[in-house]
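Listing of structure39.txt; format and content: compact mmCIF, C-alpha atoms.
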```txt
# COMPACT_ATOMS: atom_id res chain seq x y z
CA MET A 1 -7.09 24.60 16.61
CA LYS A 2 -3.32 25.06 16.72
CA ASP A 3 -1.42 26.83 13.95
CA LEU A 4 1.13 24.05 13.90
CA ALA A 5 1.76 20.61 15.35
CA ILE A 6 5.36 19.38 15.22
CA ILE A 7 5.35 15.58 15.28
CA ILE A 8 8.56 13.71 16.03
CA ILE A 9 8.77 9.93 15.81
CA GLY A 10 11.30 8.47 18.18
CA TYR A 11 12.82 5.01 18.44
CA LYS A 12 15.93 4.54 20.57
CA THR A 13 17.21 8.06 19.81
CA ARG A 14 17.12 9.67 23.27
CA GLY A 15 20.26 11.79 22.90
CA LEU A 16 19.45 12.98 19.39
CA LEU A 17 15.86 13.70 20.39
CA LYS A 18 16.96 15.84 23.34
CA ASN A 19 19.14 17.97 21.06
CA CYS A 20 16.40 18.17 18.45
CA LEU A 21 13.81 19.38 20.97
CA ASN A 22 16.19 21.98 22.40
CA SER A 23 16.82 23.36 18.92
CA ILE A 24 13.08 23.44 18.09
CA PHE A 25 12.18 25.45 21.16
CA GLU A 26 15.11 27.79 20.52
CA ASN A 27 13.94 28.22 16.91
CA LEU A 28 10.42 29.10 18.06
CA LYS A 29 11.48 31.27 21.00
CA ASP A 30 10.17 34.53 19.52
CA SER A 31 7.51 33.02 17.29
CA SER A 32 3.90 34.15 17.37
CA LEU A 33 2.70 30.71 16.23
CA ASP A 34 0.35 28.76 18.43
CA TYR A 35 2.07 25.37 18.30
CA GLN A 36 2.34 22.02 20.02
CA VAL A 37 5.28 19.63 19.92
CA ILE A 38 4.31 15.95 20.00
CA VAL A 39 6.71 13.04 20.44
CA VAL A 40 5.42 9.63 19.45
CA ASP A 41 7.75 7.06 20.97
CA ASN A 42 7.77 3.62 19.34
CA HIS A 43 8.53 1.77 22.58
CA SER A 44 12.19 2.80 22.73
CA GLN A 45 12.85 1.57 26.27
CA ASP A 46 16.04 3.64 26.34
CA GLY A 47 15.06 6.35 28.82
CA THR A 48 13.32 8.54 26.24
CA ILE A 49 10.03 8.65 28.17
CA GLU A 50 11.74 9.69 31.40
CA MET A 51 13.90 12.28 29.64
CA ILE A 52 10.89 13.99 28.04
CA LYS A 53 8.90 14.04 31.27
CA GLU A 54 11.83 15.52 33.18
CA ARG A 55 13.22 18.01 30.64
CA PHE A 56 10.31 18.83 28.33
CA PRO A 57 7.03 18.86 30.26
CA GLN A 58 5.52 21.11 27.55
CA VAL A 59 5.80 18.26 25.01
CA LYS A 60 2.77 16.07 24.42
CA LEU A 61 4.06 12.51 24.75
CA ILE A 62 2.45 9.50 23.10
CA ALA A 63 4.18 6.39 24.41
CA LEU A 64 3.32 3.32 22.36
CA ASP A 65 3.33 -0.19 23.81
CA LYS A 66 5.42 -1.59 20.95
CA ASN A 67 7.19 -0.49 17.77
CA TYR A 68 4.36 0.07 15.29
CA GLY A 69 6.59 1.49 12.57
CA TYR A 70 6.97 4.99 11.18
CA ALA A 71 3.74 5.50 9.22
CA ARG A 72 1.43 4.35 11.98
CA ALA A 73 3.27 6.47 14.55
CA VAL A 74 2.96 9.54 12.33
CA ASN A 75 -0.76 8.93 11.95
CA LYS A 76 -1.21 8.62 15.71
CA GLY A 77 0.50 11.99 16.12
CA ILE A 78 -1.71 13.65 13.53
CA LYS A 79 -4.86 12.19 15.07
CA ALA A 80 -3.85 13.42 18.52
CA ILE A 81 -4.27 17.12 17.76
CA GLU A 82 -6.07 19.41 15.34
CA ALA A 83 -3.83 21.92 13.58
CA ARG A 84 -3.65 23.90 10.35
CA TYR A 85 -0.25 22.41 9.54
CA TYR A 86 1.74 19.37 10.62
CA PHE A 87 5.53 19.30 10.60
CA ILE A 88 6.65 15.65 10.50
CA LEU A 89 10.22 15.52 11.74
CA ASN A 90 12.93 12.97 12.50
CA PRO A 91 14.68 13.18 15.89
CA ASP A 92 18.12 13.19 14.23
CA THR A 93 17.64 16.76 13.00
CA LEU A 94 18.90 20.08 14.32
CA PHE A 95 17.83 23.67 13.69
CA LEU A 96 20.77 26.06 13.50
CA GLU A 97 19.31 28.86 11.35
CA LYS A 98 16.88 31.35 12.86
CA LYS A 99 13.14 31.34 12.11
CA VAL A 100 13.25 28.12 10.06
CA ILE A 101 9.83 26.96 11.21
CA ASP A 102 8.26 30.40 10.85
CA ARG A 103 9.60 30.70 7.31
CA LEU A 104 8.18 27.31 6.34
CA TYR A 105 4.83 28.34 7.81
CA GLN A 106 4.89 31.66 5.97
CA PHE A 107 5.70 29.98 2.66
CA MET A 108 2.70 27.69 3.00
CA GLU A 109 0.46 30.60 3.99
CA GLU A 110 1.54 32.49 0.86
CA ASN A 111 1.01 29.44 -1.37
CA PRO A 112 -2.37 27.94 -0.43
CA LYS A 113 -2.40 25.46 -3.34
CA ILE A 114 0.78 23.67 -2.18
CA GLY A 115 0.12 20.57 -0.10
CA MET A 116 3.55 19.78 1.30
CA VAL A 117 7.00 21.29 1.48
CA GLY A 118 10.32 19.74 2.45
CA PRO A 119 13.23 21.89 3.73
CA LYS A 120 16.78 21.66 2.46
CA LEU A 121 18.70 19.11 4.52
CA ILE A 122 22.42 19.46 5.11
CA ASN A 123 25.04 17.17 6.60
CA PRO A 124 26.89 18.16 9.80
CA ASP A 125 29.78 19.36 7.61
CA LYS A 126 27.34 21.78 5.87
CA THR A 127 27.28 19.90 2.56
CA ILE A 128 23.92 19.41 0.90
CA GLN A 129 22.15 16.13 1.60
CA PRO A 130 19.82 14.94 -1.18
CA SER A 131 16.35 15.19 0.32
CA CYS A 132 14.08 15.33 -2.71
CA CYS A 133 13.89 12.74 -5.45
CA ARG A 134 12.13 11.64 -8.58
CA PHE A 135 9.74 8.73 -8.34
CA PRO A 136 11.85 5.55 -8.51
CA SER A 137 11.90 3.01 -11.29
CA PHE A 138 11.58 -0.58 -10.13
CA LEU A 139 15.30 -1.40 -9.99
CA ILE A 140 16.53 1.77 -8.25
CA PRO A 141 16.40 0.25 -4.72
CA LEU A 142 18.36 -2.78 -5.94
CA TYR A 143 20.95 -0.57 -7.63
CA ARG A 144 21.42 1.56 -4.51
CA ARG A 145 22.05 -1.30 -2.14
CA THR A 146 24.28 -3.57 -4.23
CA GLY A 147 27.52 -3.32 -6.14
CA LEU A 148 25.52 -2.67 -9.31
CA GLY A 149 25.36 0.94 -8.20
CA LYS A 150 29.05 1.34 -9.05
CA LEU A 151 28.52 0.67 -12.76
CA PRO A 152 28.80 3.95 -14.74
CA TRP A 153 25.45 3.64 -16.50
CA VAL A 154 23.73 2.67 -13.24
CA LYS A 155 25.34 5.60 -11.41
CA LYS A 156 23.69 7.93 -13.91
CA LYS A 157 20.29 6.41 -13.15
CA ILE A 158 20.85 6.82 -9.41
CA GLU A 159 22.01 10.41 -9.85
CA LYS A 160 18.88 11.19 -11.84
CA PHE A 161 16.71 9.58 -9.14
CA LEU A 162 18.44 11.68 -6.44
CA MET A 163 18.14 14.80 -8.62
CA LEU A 164 21.90 15.30 -8.57
CA ASP A 165 21.58 16.93 -11.99
CA TRP A 166 20.39 20.01 -10.11
CA ASN A 167 22.13 22.08 -7.41
CA HIS A 168 19.33 22.02 -4.80
CA GLN A 169 19.72 25.75 -4.20
CA GLU A 170 16.27 26.92 -5.23
CA ARG A 171 12.67 26.12 -4.38
CA ARG A 172 10.80 24.03 -6.91
CA PRO A 173 8.11 21.35 -7.24
CA VAL A 174 9.51 17.83 -6.86
CA ASP A 175 8.12 14.31 -7.02
CA TRP A 176 8.71 13.59 -3.35
CA VAL A 177 10.58 14.74 -0.27
CA LEU A 178 12.10 12.67 2.51
CA GLY A 179 10.00 11.91 5.58
CA THR A 180 12.86 13.41 7.60
CA GLY A 181 11.09 16.76 7.30
CA MET A 182 7.61 17.18 5.81
CA PHE A 183 5.64 20.38 6.43
CA VAL A 184 2.10 19.42 5.50
CA ARG A 185 -1.20 21.25 5.09
CA ALA A 186 -4.04 19.74 7.13
CA LYS A 187 -6.60 20.60 4.43
CA ALA A 188 -4.61 18.48 1.99
CA ILE A 189 -4.36 15.57 4.42
CA LYS A 190 -8.16 15.51 4.67
CA GLU A 191 -8.35 14.95 0.91
CA VAL A 192 -5.32 12.69 0.47
CA GLY A 193 -5.60 10.65 3.66
CA LEU A 194 -3.04 9.69 6.27
CA MET A 195 0.15 7.72 5.64
CA ASP A 196 -0.35 4.17 4.41
CA GLU A 197 0.26 2.00 7.46
CA ARG A 198 1.11 -1.01 5.32
CA PHE A 199 4.58 0.53 5.10
CA PHE A 200 6.30 -0.24 8.41
CA MET A 201 9.29 1.86 7.38
CA PHE A 202 10.64 3.17 4.05
CA PHE A 203 8.59 4.23 1.01
CA GLU A 204 5.82 5.66 3.19
CA ASP A 205 7.10 9.15 2.31
CA THR A 206 7.34 8.33 -1.42
CA ASP A 207 3.83 6.90 -1.36
CA TRP A 208 2.34 9.85 0.55
CA CYS A 209 3.86 12.42 -1.79
CA ARG A 210 2.63 10.48 -4.80
CA ARG A 211 -0.90 10.52 -3.40
CA PHE A 212 -0.61 14.27 -2.80
CA TRP A 213 0.21 14.76 -6.49
CA GLU A 214 -2.67 12.49 -7.50
CA LYS A 215 -5.05 14.76 -5.58
CA ASN A 216 -3.52 17.88 -7.17
CA TRP A 217 -1.71 19.01 -4.05
CA PRO A 218 1.84 19.86 -5.24
CA VAL A 219 4.91 18.88 -3.24
CA TYR A 220 7.74 21.44 -3.05
CA TYR A 221 11.38 21.49 -2.07
CA PHE A 222 12.16 24.66 -0.09
CA ALA A 223 15.82 25.64 -0.35
CA ASP A 224 15.37 28.89 1.58
CA VAL A 225 15.96 27.18 4.93
CA GLU A 226 18.41 24.53 6.14
CA ILE A 227 18.09 21.78 8.72
CA VAL A 228 21.02 19.62 9.81
CA HIS A 229 20.30 15.92 9.46
CA TYR A 230 22.52 13.30 11.09
CA HIS A 231 21.71 10.87 8.33
CA GLY A 232 22.19 7.15 8.77
CA ARG A 233 20.07 4.58 6.93
CA PRO A 234 20.87 0.98 7.91
CA SER A 235 19.13 -0.31 4.82
CA LEU A 236 21.66 1.30 2.50
CA ASN A 237 24.87 -0.22 3.81
CA ARG A 238 25.43 -1.97 0.48
CA GLY A 239 26.10 -5.28 2.16
CA GLY A 240 25.22 -7.32 -0.90
CA ILE A 241 22.88 -10.26 -1.16
CA TRP A 242 23.93 -11.70 2.21
CA ASP A 243 22.68 -8.53 3.87
CA LEU A 244 19.16 -9.69 2.99
CA PHE A 245 19.47 -12.52 5.51
CA PHE A 246 21.29 -10.76 8.33
CA ASN A 247 20.05 -7.15 8.33
CA ARG A 248 16.49 -6.51 9.52
CA GLY A 249 16.50 -2.99 8.06
CA THR A 250 17.34 -4.45 4.67
CA ARG A 251 14.46 -6.91 4.82
CA ILE A 252 12.00 -4.17 5.80
CA HIS A 253 13.32 -1.97 2.99
CA ILE A 254 12.81 -4.70 0.40
CA GLN A 255 9.33 -5.51 1.70
CA SER A 256 8.33 -1.85 1.44
CA TRP A 257 9.89 -1.62 -2.02
CA LEU A 258 7.75 -4.51 -3.25
CA LYS A 259 4.59 -3.17 -1.57
CA TYR A 260 5.11 0.21 -3.22
CA PHE A 261 5.56 -1.14 -6.74
CA LEU A 262 2.69 -3.60 -6.44
CA LYS A 263 0.47 -0.74 -5.29
CA TYR A 264 1.29 1.36 -8.36
CA LEU A 265 1.85 -1.43 -10.88
CA PHE A 266 -0.95 -0.33 -13.21
CA LYS A 267 -1.03 3.39 -12.39
CA LYS A 268 0.59 6.19 -14.33
CA ARG A 269 3.08 8.40 -12.54
CA PRO A 270 1.70 11.85 -11.70
CA ARG A 271 3.55 14.75 -13.30
CA ASN A 272 4.54 17.83 -11.38
```
Show me the file's structure as structure tokens.
Amino acid sequence: MKDLAIIIIGYKTRGLLKNCLNSIFENLKDSSLDYQVIVVDNHSQDGTIEMIKERFPQVKLIALDKNYGYARAVNKGIKAIEARYYFILNPDTLFLEKKVIDRLYQFMEENPKIGMVGPKLINPDKTIQPSCCRFPSFLIPLYRRTGLGKLPWVKKKIEKFLMLDWNHQERRPVDWVLGTGMFVRAKAIKEVGLMDERFFMFFEDTDWCRRFWEKNWPVYYFADVEIVHYHGRPSLNRGGIWDLFFNRGTRIHIQSWLKYFLKYLFKKRPRN
């Protein structure tokens, strides 16, 4: 069994993935961890497969025959290897600080009752990127992707959802962390289950964290380390109602939004 499996889901991100992998191996250069990096490629057809085979032969590559979505790809990565911890990571991330991965591992080792931890994410300009949130109320996704989000009273609701009433400079339990970076305990996964594959993309991270809380495996935000995230979500371009008809990312986002709220319609929110 490996100490750690780092699982990266790729889809048409060859250049970003190359930089991400270089930074991971640099971050782990002097580490004593027994680890394996796994790339699950969702049928990118952009040269990703060839790039990994040529530049990163030490990476375990799972090349899918079509785009199965984020949750299913993550699950395939987890099933591919047995490890004590799984670090689910987006390819548009970069490790600039030293020992980030070792410090995440050490934190989980020192806190055996914590199920998942998410690192602090920062923008390329070093500003903090909101990466932990409260569980959303039903209208939050609508507010965030329409002009309603500009109304003063709605802005306050969005700020509360994004936890902007807090400076994000300390570790603490949170409702959920972004799937961009999730450092997860295998023991907890065995109790909670894998990601819900009904979510093609979006809300799979919210759902997973909620299920962790329901099984009494706390989710934490870990401000002690920083990871650069080249953030770009096509579903949040605030294109208005017409975006529903012309933007595929928007349609997927709305479908996941409805699936999530139908799933938890009659369930109480867990409290951290």
Go through A:Glu214, A:Glu54, A:Glu226, A:Asp3 and flag the residue nearest Ala188 (chain A), using all atoms listed in the file for the distances.
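Nearest to Ala188 (chain A): A:Glu214.
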So, with all atoms listed in the file as the atoms that count, which of A:Tyr105, A:Phe56, A:Phe199, A:Tyr11 lies closest to Ser31 (chain A)?
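Residue with the minimum atom-to-atom distance to Ser31 (chain A): A:Tyr105.
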Residue nearest Leu16 (chain A) among A:Phe222, A:Tyr230, A:Phe212, A:Tyr35 (counting only C-alpha atoms)
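Of A:Phe222, A:Tyr230, A:Phe212, A:Tyr35, the one nearest Leu16 (chain A) is A:Tyr230, counting only C-alpha atoms.
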Name the closest residue to Val184 (chain A) among the candidates A:Lys259, A:Asp205, A:Phe25, A:Gly118; distances are taken between atoms, counting only C-alpha atoms.
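Among A:Lys259, A:Asp205, A:Phe25, A:Gly118, it is A:Gly118 that comes nearest to Val184 (chain A).
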From A:Thr250, A:Ser256, A:Lys66, A:Phe95, residue lying nearest Thr146 (chain A) [all atoms listed in the file]:
A:Thr250
My list of candidates is A:Ala5, A:His168, A:Leu151, A:Val100. Which is closest to Pro130 (chain A) when distances are computed with only C-alpha atoms?
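Using only C-alpha atoms, Pro130 (chain A) sits closest to A:His168.
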Neighbour list for Asn75 (chain A) as a PyMOL selection string, cut-off 9 Å, all atoms listed in the file, skip fewer than 6 positions in-chain:
chain A and resi 194-197
Students should find that CA of Arg171 (chain A) and CA of Lys187 (chain A) are spaced 21.9 Å
Near Lys18 (chain A), within 8 Å and counting all atoms listed in the file, which residues show up once chain neighbours fewer than 3 positions away are dropped, as a PyMOL selection string?
chain A and resi 14-15+21-22+51-52
For CA of Gln36 (chain A) and CA of Ile101 (chain A), quote the distance in Å rounded to one decimal.
12.6 Å
